[in-house]
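Engineer: Handing over my_file.cif, mmCIF, N, CA and C atoms.
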```
data_structure
loop_
_atom_site.label_atom_id
_atom_site.label_comp_id
_atom_site.auth_asym_id
_atom_site.auth_seq_id
_atom_site.Cartn_x
_atom_site.Cartn_y
_atom_site.Cartn_z
N MET G 1 -149.45 123.91 -87.46
CA MET G 1 -148.80 123.36 -86.28
C MET G 1 -149.88 122.97 -85.28
N THR G 2 -149.84 121.74 -84.85
CA THR G 2 -150.81 121.27 -83.87
C THR G 2 -150.46 121.83 -82.49
N ALA G 3 -151.41 121.72 -81.59
CA ALA G 3 -151.16 122.19 -80.22
C ALA G 3 -149.99 121.42 -79.60
N ASP G 4 -149.93 120.10 -79.85
CA ASP G 4 -148.83 119.30 -79.32
C ASP G 4 -147.49 119.77 -79.89
N ASP G 5 -147.46 120.05 -81.20
CA ASP G 5 -146.24 120.54 -81.83
C ASP G 5 -145.82 121.88 -81.23
N PHE G 6 -146.80 122.77 -81.00
CA PHE G 6 -146.51 124.07 -80.42
C PHE G 6 -145.85 123.91 -79.05
N TRP G 7 -146.44 123.07 -78.20
CA TRP G 7 -145.91 122.92 -76.85
C TRP G 7 -144.56 122.22 -76.84
N GLU G 8 -144.33 121.31 -77.78
CA GLU G 8 -143.02 120.69 -77.90
C GLU G 8 -141.99 121.74 -78.30
N PHE G 9 -142.35 122.59 -79.26
CA PHE G 9 -141.48 123.70 -79.70
C PHE G 9 -141.15 124.61 -78.51
N MET G 10 -142.16 124.95 -77.71
CA MET G 10 -141.95 125.83 -76.56
C MET G 10 -141.04 125.16 -75.51
N ARG G 11 -141.22 123.87 -75.28
CA ARG G 11 -140.36 123.16 -74.32
C ARG G 11 -138.91 123.17 -74.79
N GLU G 12 -138.70 122.96 -76.09
CA GLU G 12 -137.34 122.99 -76.64
C GLU G 12 -136.71 124.37 -76.46
N LYS G 13 -137.47 125.41 -76.75
CA LYS G 13 -136.94 126.77 -76.62
C LYS G 13 -136.66 127.11 -75.16
N GLN G 14 -137.53 126.68 -74.27
CA GLN G 14 -137.30 126.95 -72.85
C GLN G 14 -136.06 126.21 -72.36
N ALA G 15 -135.87 124.97 -72.80
CA ALA G 15 -134.69 124.20 -72.40
C ALA G 15 -133.43 124.90 -72.90
N TRP G 16 -133.45 125.37 -74.15
CA TRP G 16 -132.30 126.11 -74.70
C TRP G 16 -132.06 127.37 -73.88
N PHE G 17 -133.13 128.13 -73.61
CA PHE G 17 -133.05 129.39 -72.87
C PHE G 17 -132.37 129.16 -71.51
N LYS G 18 -132.74 128.09 -70.83
CA LYS G 18 -132.18 127.80 -69.51
C LYS G 18 -130.69 127.49 -69.56
N THR G 19 -130.19 127.03 -70.70
CA THR G 19 -128.77 126.71 -70.80
C THR G 19 -127.89 127.95 -70.98
N VAL G 20 -128.49 129.06 -71.41
CA VAL G 20 -127.69 130.25 -71.73
C VAL G 20 -127.11 130.90 -70.49
N LYS G 21 -127.88 131.09 -69.46
CA LYS G 21 -127.46 131.71 -68.19
C LYS G 21 -127.06 133.18 -68.35
N LYS G 22 -125.88 133.45 -68.92
CA LYS G 22 -125.46 134.84 -69.10
C LYS G 22 -124.50 134.94 -70.28
N ILE G 23 -124.48 136.13 -70.89
CA ILE G 23 -123.63 136.43 -72.05
C ILE G 23 -123.00 137.80 -71.80
N ARG G 24 -121.73 137.93 -72.08
CA ARG G 24 -121.05 139.22 -71.93
C ARG G 24 -121.44 140.13 -73.09
N CYS G 25 -121.80 141.37 -72.76
CA CYS G 25 -122.14 142.37 -73.77
C CYS G 25 -121.05 143.45 -73.77
N PRO G 26 -120.14 143.40 -74.74
CA PRO G 26 -119.02 144.37 -74.74
C PRO G 26 -119.46 145.82 -74.85
N ILE G 27 -120.52 146.11 -75.60
CA ILE G 27 -120.89 147.51 -75.85
C ILE G 27 -121.36 148.22 -74.57
N ILE G 28 -121.97 147.48 -73.63
CA ILE G 28 -122.36 148.11 -72.36
C ILE G 28 -121.46 147.64 -71.21
N ASN G 29 -120.49 146.78 -71.53
CA ASN G 29 -119.53 146.29 -70.56
C ASN G 29 -120.20 145.65 -69.35
N GLU G 30 -121.19 144.80 -69.63
CA GLU G 30 -121.95 144.11 -68.57
C GLU G 30 -122.25 142.69 -69.01
N ASP G 31 -122.47 141.81 -68.04
CA ASP G 31 -123.03 140.49 -68.33
C ASP G 31 -124.54 140.65 -68.44
N VAL G 32 -125.13 139.96 -69.41
CA VAL G 32 -126.58 139.96 -69.59
C VAL G 32 -127.08 138.59 -69.15
N PHE G 33 -127.99 138.60 -68.19
CA PHE G 33 -128.52 137.36 -67.64
C PHE G 33 -129.85 137.00 -68.31
N PHE G 34 -130.02 135.71 -68.55
CA PHE G 34 -131.24 135.19 -69.15
C PHE G 34 -132.06 134.57 -68.03
N THR G 35 -133.13 135.26 -67.65
CA THR G 35 -133.94 134.85 -66.50
C THR G 35 -135.34 134.44 -66.96
N SER G 36 -136.07 133.87 -66.01
CA SER G 36 -137.44 133.46 -66.31
C SER G 36 -138.31 134.66 -66.69
N LYS G 37 -137.98 135.85 -66.20
CA LYS G 37 -138.76 137.04 -66.57
C LYS G 37 -138.64 137.34 -68.06
N GLY G 38 -137.44 137.16 -68.61
CA GLY G 38 -137.25 137.38 -70.04
C GLY G 38 -138.03 136.37 -70.85
N PHE G 39 -137.99 135.11 -70.44
CA PHE G 39 -138.75 134.08 -71.15
C PHE G 39 -140.24 134.36 -71.05
N HIS G 40 -140.69 134.76 -69.87
CA HIS G 40 -142.10 135.09 -69.66
C HIS G 40 -142.54 136.22 -70.59
N HIS G 41 -141.67 137.23 -70.77
CA HIS G 41 -142.03 138.37 -71.61
C HIS G 41 -142.17 137.96 -73.09
N LEU G 42 -141.50 136.90 -73.50
CA LEU G 42 -141.68 136.42 -74.87
C LEU G 42 -143.05 135.78 -75.06
N ARG G 43 -143.65 135.32 -73.98
CA ARG G 43 -144.96 134.68 -74.03
C ARG G 43 -146.11 135.61 -73.69
N TYR G 44 -145.83 136.64 -72.87
CA TYR G 44 -146.87 137.55 -72.39
C TYR G 44 -146.44 138.98 -72.61
N ASP G 45 -147.40 139.86 -72.92
CA ASP G 45 -147.05 141.27 -73.11
C ASP G 45 -146.86 141.94 -71.75
N SER G 46 -146.54 143.22 -71.77
CA SER G 46 -146.25 143.96 -70.53
C SER G 46 -147.44 144.02 -69.59
N GLY G 47 -148.64 143.91 -70.16
CA GLY G 47 -149.84 143.93 -69.33
C GLY G 47 -150.21 142.56 -68.76
N GLY G 48 -149.43 141.54 -69.10
CA GLY G 48 -149.68 140.20 -68.59
C GLY G 48 -150.59 139.36 -69.47
N LYS G 49 -151.00 139.91 -70.60
CA LYS G 49 -151.87 139.18 -71.53
C LYS G 49 -151.03 138.25 -72.40
N GLU G 50 -151.50 137.00 -72.54
CA GLU G 50 -150.75 136.04 -73.35
C GLU G 50 -150.71 136.50 -74.80
N ARG G 51 -149.53 136.45 -75.39
CA ARG G 51 -149.38 136.78 -76.80
C ARG G 51 -150.01 135.65 -77.62
N SER G 52 -150.37 135.95 -78.87
CA SER G 52 -150.92 134.91 -79.73
C SER G 52 -149.87 133.81 -79.93
N LYS G 53 -150.34 132.62 -80.26
CA LYS G 53 -149.41 131.50 -80.48
C LYS G 53 -148.43 131.84 -81.60
N SER G 54 -148.90 132.52 -82.65
CA SER G 54 -148.01 132.86 -83.76
C SER G 54 -146.94 133.87 -83.32
N GLU G 55 -147.31 134.82 -82.47
CA GLU G 55 -146.33 135.80 -81.99
C GLU G 55 -145.32 135.13 -81.05
N GLN G 56 -145.80 134.23 -80.21
CA GLN G 56 -144.88 133.49 -79.32
C GLN G 56 -143.88 132.69 -80.15
N LYS G 57 -144.38 132.01 -81.17
CA LYS G 57 -143.51 131.20 -82.03
C LYS G 57 -142.50 132.09 -82.75
N TYR G 58 -142.96 133.25 -83.23
CA TYR G 58 -142.08 134.22 -83.91
C TYR G 58 -140.94 134.65 -82.98
N LYS G 59 -141.29 135.08 -81.77
CA LYS G 59 -140.27 135.57 -80.84
C LYS G 59 -139.32 134.44 -80.41
N MET G 60 -139.86 133.27 -80.15
CA MET G 60 -139.02 132.13 -79.76
C MET G 60 -138.09 131.74 -80.90
N GLY G 61 -138.58 131.84 -82.12
CA GLY G 61 -137.76 131.50 -83.28
C GLY G 61 -136.57 132.42 -83.47
N LEU G 62 -136.65 133.63 -82.90
CA LEU G 62 -135.55 134.59 -83.00
C LEU G 62 -134.48 134.40 -81.93
N LEU G 63 -134.73 133.54 -80.96
CA LEU G 63 -133.78 133.38 -79.85
C LEU G 63 -132.35 133.07 -80.29
N PRO G 64 -132.12 132.24 -81.32
CA PRO G 64 -130.73 131.99 -81.72
C PRO G 64 -129.98 133.24 -82.19
N LEU G 65 -130.72 134.30 -82.56
CA LEU G 65 -130.09 135.54 -83.03
C LEU G 65 -129.78 136.51 -81.89
N VAL G 66 -130.33 136.25 -80.71
CA VAL G 66 -130.15 137.16 -79.57
C VAL G 66 -128.68 137.23 -79.14
N ILE G 67 -128.03 136.08 -79.02
CA ILE G 67 -126.64 136.06 -78.55
C ILE G 67 -125.72 136.82 -79.51
N PRO G 68 -125.80 136.58 -80.83
CA PRO G 68 -124.94 137.36 -81.73
C PRO G 68 -125.19 138.88 -81.63
N VAL G 69 -126.44 139.29 -81.42
CA VAL G 69 -126.71 140.72 -81.26
C VAL G 69 -126.02 141.25 -80.01
N ILE G 70 -126.18 140.54 -78.89
CA ILE G 70 -125.58 140.98 -77.63
C ILE G 70 -124.06 141.03 -77.74
N LYS G 71 -123.46 140.04 -78.36
CA LYS G 71 -122.00 139.97 -78.46
C LYS G 71 -121.42 140.94 -79.49
N ASN G 72 -122.16 141.24 -80.55
CA ASN G 72 -121.59 141.97 -81.68
C ASN G 72 -122.11 143.39 -81.91
N ALA G 73 -123.08 143.84 -81.12
CA ALA G 73 -123.60 145.19 -81.33
C ALA G 73 -122.47 146.21 -81.18
N VAL G 74 -122.40 147.14 -82.12
CA VAL G 74 -121.33 148.14 -82.08
C VAL G 74 -121.79 149.47 -81.47
N ASN G 75 -123.08 149.60 -81.25
CA ASN G 75 -123.57 150.76 -80.51
C ASN G 75 -124.91 150.44 -79.89
N VAL G 76 -125.32 151.29 -78.97
CA VAL G 76 -126.62 151.17 -78.32
C VAL G 76 -127.58 152.02 -79.13
N TYR G 77 -128.60 151.39 -79.70
CA TYR G 77 -129.54 152.10 -80.54
C TYR G 77 -130.36 153.09 -79.71
N GLU G 78 -130.83 152.64 -78.54
CA GLU G 78 -131.61 153.52 -77.67
C GLU G 78 -131.33 153.15 -76.22
N TYR G 79 -131.25 154.16 -75.37
CA TYR G 79 -131.01 153.95 -73.95
C TYR G 79 -131.97 154.83 -73.17
N LYS G 80 -132.69 154.21 -72.23
CA LYS G 80 -133.60 154.95 -71.36
C LYS G 80 -133.13 154.73 -69.92
N LYS G 81 -132.71 155.81 -69.29
CA LYS G 81 -132.17 155.72 -67.92
C LYS G 81 -133.20 156.23 -66.92
N GLU G 82 -133.23 155.55 -65.81
CA GLU G 82 -134.03 155.96 -64.65
C GLU G 82 -135.50 156.21 -64.99
N GLN G 83 -136.10 155.26 -65.65
CA GLN G 83 -137.55 155.26 -65.84
C GLN G 83 -138.15 154.68 -64.56
N TYR G 84 -139.29 155.23 -64.11
CA TYR G 84 -139.90 154.69 -62.89
C TYR G 84 -141.10 153.83 -63.26
N SER G 85 -141.19 152.68 -62.64
CA SER G 85 -142.31 151.77 -62.87
C SER G 85 -143.10 151.63 -61.58
N LYS G 86 -144.37 152.05 -61.62
CA LYS G 86 -145.22 151.88 -60.44
C LYS G 86 -145.40 150.41 -60.09
N PRO G 87 -145.70 149.53 -61.09
CA PRO G 87 -145.88 148.11 -60.72
C PRO G 87 -144.63 147.50 -60.09
N LEU G 88 -143.45 147.89 -60.58
CA LEU G 88 -142.21 147.36 -60.01
C LEU G 88 -141.85 148.08 -58.71
N GLY G 89 -142.29 149.33 -58.59
CA GLY G 89 -141.93 150.13 -57.43
C GLY G 89 -140.46 150.52 -57.42
N LYS G 90 -139.85 150.51 -58.60
CA LYS G 90 -138.42 150.79 -58.71
C LYS G 90 -138.12 151.52 -60.01
N TYR G 91 -136.93 152.07 -60.04
CA TYR G 91 -136.42 152.64 -61.29
C TYR G 91 -135.81 151.53 -62.12
N TYR G 92 -135.82 151.72 -63.42
CA TYR G 92 -135.20 150.73 -64.29
C TYR G 92 -134.54 151.42 -65.47
N GLU G 93 -133.62 150.71 -66.10
CA GLU G 93 -132.93 151.18 -67.31
C GLU G 93 -133.25 150.20 -68.43
N ILE G 94 -133.29 150.73 -69.66
CA ILE G 94 -133.55 149.91 -70.85
C ILE G 94 -132.50 150.23 -71.90
N TRP G 95 -131.96 149.17 -72.50
CA TRP G 95 -131.07 149.32 -73.66
C TRP G 95 -131.70 148.60 -74.83
N GLU G 96 -131.68 149.23 -76.00
CA GLU G 96 -132.05 148.51 -77.22
C GLU G 96 -130.80 148.42 -78.08
N LEU G 97 -130.42 147.18 -78.37
CA LEU G 97 -129.29 146.92 -79.25
C LEU G 97 -129.84 146.48 -80.60
N ARG G 98 -129.24 146.94 -81.68
CA ARG G 98 -129.62 146.50 -83.02
C ARG G 98 -128.38 146.07 -83.75
N GLU G 99 -128.51 144.94 -84.45
CA GLU G 99 -127.38 144.46 -85.23
C GLU G 99 -127.90 143.58 -86.35
N VAL G 100 -127.16 143.56 -87.45
CA VAL G 100 -127.47 142.67 -88.56
C VAL G 100 -126.75 141.35 -88.27
N VAL G 101 -127.54 140.26 -88.17
CA VAL G 101 -126.98 138.96 -87.78
C VAL G 101 -127.63 137.84 -88.59
N GLY G 102 -127.05 136.68 -88.47
CA GLY G 102 -127.62 135.47 -89.06
C GLY G 102 -127.30 135.28 -90.53
N LYS G 103 -127.64 134.10 -91.03
CA LYS G 103 -127.39 133.75 -92.43
C LYS G 103 -128.09 134.69 -93.39
N ASN G 104 -129.29 135.15 -92.98
CA ASN G 104 -130.07 136.01 -93.86
C ASN G 104 -129.79 137.49 -93.68
N LYS G 105 -128.77 137.81 -92.88
CA LYS G 105 -128.40 139.21 -92.63
C LYS G 105 -129.63 140.01 -92.19
N THR G 106 -130.21 139.59 -91.08
CA THR G 106 -131.43 140.17 -90.56
C THR G 106 -131.12 141.23 -89.52
N LEU G 107 -131.79 142.38 -89.61
CA LEU G 107 -131.65 143.42 -88.59
C LEU G 107 -132.54 143.05 -87.41
N VAL G 108 -131.90 142.81 -86.26
CA VAL G 108 -132.60 142.33 -85.07
C VAL G 108 -132.39 143.30 -83.93
N SER G 109 -133.46 143.60 -83.20
CA SER G 109 -133.38 144.40 -81.97
C SER G 109 -133.50 143.48 -80.77
N VAL G 110 -132.67 143.74 -79.78
CA VAL G 110 -132.71 143.03 -78.51
C VAL G 110 -132.84 144.08 -77.42
N VAL G 111 -133.78 143.87 -76.51
CA VAL G 111 -133.99 144.79 -75.40
C VAL G 111 -133.45 144.17 -74.13
N LEU G 112 -132.65 144.96 -73.42
CA LEU G 112 -132.07 144.57 -72.14
C LEU G 112 -132.61 145.50 -71.07
N ARG G 113 -132.73 145.00 -69.84
CA ARG G 113 -133.28 145.82 -68.76
C ARG G 113 -132.53 145.55 -67.46
N ARG G 114 -132.37 146.63 -66.68
CA ARG G 114 -131.87 146.50 -65.31
C ARG G 114 -132.90 147.16 -64.40
N ILE G 115 -133.36 146.43 -63.39
CA ILE G 115 -134.29 146.97 -62.41
C ILE G 115 -133.50 147.33 -61.17
N GLY G 116 -133.62 148.60 -60.76
CA GLY G 116 -132.89 149.06 -59.58
C GLY G 116 -131.39 148.87 -59.77
N ASP G 117 -130.74 148.24 -58.80
CA ASP G 117 -129.30 147.98 -58.86
C ASP G 117 -129.00 146.54 -59.28
N GLY G 118 -130.01 145.86 -59.83
CA GLY G 118 -129.85 144.45 -60.18
C GLY G 118 -129.01 144.23 -61.43
N ASN G 119 -129.02 142.99 -61.88
CA ASN G 119 -128.29 142.61 -63.08
C ASN G 119 -129.00 143.11 -64.34
N VAL G 120 -128.25 143.23 -65.41
CA VAL G 120 -128.84 143.50 -66.72
C VAL G 120 -129.40 142.17 -67.21
N THR G 121 -130.65 142.18 -67.66
CA THR G 121 -131.29 140.95 -68.11
C THR G 121 -131.85 141.12 -69.52
N PHE G 122 -131.92 140.01 -70.22
CA PHE G 122 -132.57 139.98 -71.53
C PHE G 122 -134.07 140.14 -71.31
N LEU G 123 -134.71 140.99 -72.16
CA LEU G 123 -136.15 141.20 -72.02
C LEU G 123 -136.93 140.82 -73.28
N SER G 124 -136.44 141.22 -74.46
CA SER G 124 -137.24 140.98 -75.66
C SER G 124 -136.39 140.97 -76.91
N VAL G 125 -137.02 140.52 -78.00
CA VAL G 125 -136.35 140.45 -79.30
C VAL G 125 -137.39 140.61 -80.41
N TRP G 126 -137.01 141.25 -81.49
CA TRP G 126 -137.82 141.29 -82.70
C TRP G 126 -136.93 141.61 -83.87
N LYS G 127 -137.40 141.29 -85.07
CA LYS G 127 -136.63 141.61 -86.25
C LYS G 127 -137.31 142.75 -86.99
N HIS G 128 -136.50 143.47 -87.73
CA HIS G 128 -137.00 144.58 -88.54
C HIS G 128 -137.15 144.09 -89.96
N THR G 129 -138.23 144.48 -90.57
CA THR G 129 -138.43 144.10 -91.96
C THR G 129 -138.39 145.36 -92.80
N THR G 130 -137.86 145.21 -94.00
CA THR G 130 -137.87 146.34 -94.94
C THR G 130 -138.93 146.04 -95.97
N ARG G 131 -139.70 147.01 -96.26
CA ARG G 131 -140.75 146.83 -97.25
C ARG G 131 -140.36 147.61 -98.50
N ASN G 132 -140.33 146.89 -99.58
CA ASN G 132 -140.02 147.55 -100.84
C ASN G 132 -141.27 148.24 -101.34
N LYS G 133 -141.14 149.53 -101.57
CA LYS G 133 -142.27 150.27 -102.11
C LYS G 133 -142.38 149.99 -103.60
N LYS G 134 -143.58 149.68 -104.01
CA LYS G 134 -143.79 149.43 -105.43
C LYS G 134 -143.78 150.74 -106.18
N ALA G 135 -143.20 150.70 -107.36
CA ALA G 135 -143.17 151.90 -108.21
C ALA G 135 -144.59 152.23 -108.64
N PRO G 136 -144.94 153.52 -108.66
CA PRO G 136 -146.29 153.89 -109.09
C PRO G 136 -146.49 153.51 -110.56
N LYS G 137 -147.72 153.11 -110.88
CA LYS G 137 -148.03 152.70 -112.26
C LYS G 137 -148.43 153.89 -113.09
#
```
I need this file expressed as structure tokens, please.
Structural biologist:
Amino acid sequence: MTADDFWEFMREKQAWFKTVKKIRCPIINEDVFFTSKGFHHLRYDSGGKERSKSEQKYKMGLLPLVIPVIKNAVNVYEYKKEQYSKPLGKYYEIWELREVVGKNKTLVSVVLRRIGDGNVTFLSVWKHTTRNKKAPK
């Protein structure tokens, strides 16, 4: 993929991301908002360092699976309440939802976050891979 192709791909994903706005999440009974902070986190890690181009492309490529996970998750895989962040200067909550979605029946995790008393927002996405162990020879 050329640099021009990469940036065109990123522009397309950002345009799609901006159209989403919010999605209702039945399992936590909240609307999940898609903000610039969520998009930024797909490009940069928590320390502010830019992710590799391949990792950015990987995460952006999973975006179409985020909505089905949010809408169809039947339980909260992990919940962290009242974590304190010095950089934010506030408490925050984290939800990790996992669901099997898509044509390939992929197990996908979606992370949602609420800072203080704000809205629940989309933060991150990744897929889980299963590795088949080879039989010993």
Engineer: Pull the strand (DSSP E or B) assignments for segment 1-122 of chain G out of DSSP run on the backbone, and list those residues as a PyMOL selection string.
Structural biologist: chain G and resi 22-25+30-33+44+50+76-85+90-101+106-115+120-122
Engineer: Once the PyMOL selection byres ((chain G and resi 46-59) around 8) is applied to the coordinates I shared, what remains selected? I want it as a count of residues only.
Structural biologist: 17
Engineer: Which residue is closest to Trp16 of chain G? Choose from G:Lys90, G:Leu97, G:Asp4, G:Phe39 and count only C-alpha atoms.
Structural biologist: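 Using only C-alpha atoms, Trp16 of chain G sits closest to G:Phe39.
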Engineer: How far is it from atom CA of Val111 of chain G to atom CA of Ser36 of chain G, in Å with one decimal?
Structural biologist: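 Pair atom CA of Val111 of chain G / atom CA of Ser36 of chain G returns 14.9 Å.
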Engineer: Smallest atom-to-atom distance to Glu99 of chain G: which of G:Thr121, G:Asn75, G:Thr19, G:Thr35, using only C-alpha atoms?
Structural biologist: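 For Glu99 of chain G, the nearest of the given residues is G:Asn75.
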Engineer: Which distance in Å separates atom C of Ala73 of chain G and atom CA of Gly118 of chain G, to one decimal?
Structural biologist: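 Between atom C of Ala73 of chain G and atom CA of Gly118 of chain G the gap works out to 22.3 Å.
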Engineer: Pick the closest to Lys103 of chain G from G:Cys25, G:Lys86, G:Val120, G:Leu65: which is it, counting only C-alpha atoms?
Structural biologist: G:Leu65
Engineer: If I take atom CA of Asn72 of chain G and atom CA of Tyr92 of chain G, how far is one from the other in Å, to one decimal?
Structural biologist: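 Going from atom CA of Asn72 of chain G over to atom CA of Tyr92 of chain G covers 23.8 Å.
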Engineer: Can you check which residues of chain G DSSP gives as helix (DSSP H, G or I) on the backbone and send them as a PyMOL selection string?
Structural biologist: chain G and resi 3-20+36-43+53-61+63-72
Engineer: Name every residue that the PyMOL selection byres ((chain G and resi 93) around 8) selects in this structure, writing the answer as a list of chain:residue names with chains first and numbers rising.
Structural biologist: G:Tyr79, G:Lys80, G:Lys81, G:Glu82, G:Gln83, G:Tyr84, G:Lys90, G:Tyr91, G:Tyr92, G:Ile94, G:Trp95, G:Glu96, G:Leu112, G:Arg113, G:Arg114, G:Ile115, G:Gly116
Engineer: Which residue, G:Ile27, G:Val101, G:Asp117, G:Thr106, has the smallest gap to Val74 of chain G when you use all atoms listed in the file?
Structural biologist: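 Distance minimum relative to Val74 of chain G lands on G:Ile27.
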Engineer: Could you pull out every residue with an atom within 5 Å of (-136.1, 139.7, -69.5), file coordinates, counting all atoms listed in the file, and send them as a ChimeraX atom specification?
Structural biologist: /G:37-38,121-123
Engineer: Just say which residues the PyMOL selection byres ((chain G and resi 21) around 6) picks in this file, as a VMD selection string.
Structural biologist: chain G and resid 17 to 20 22 to 23 32 to 34
Engineer: Point out the residue among G:Asn104, G:Gln14, G:Ile28, G:Val76 with the least atom-to-atom distance to His40 of chain G, counting only C-alpha atoms.
Structural biologist: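 Once distances to His40 of chain G are computed over only C-alpha atoms, the minimum belongs to G:Gln14.
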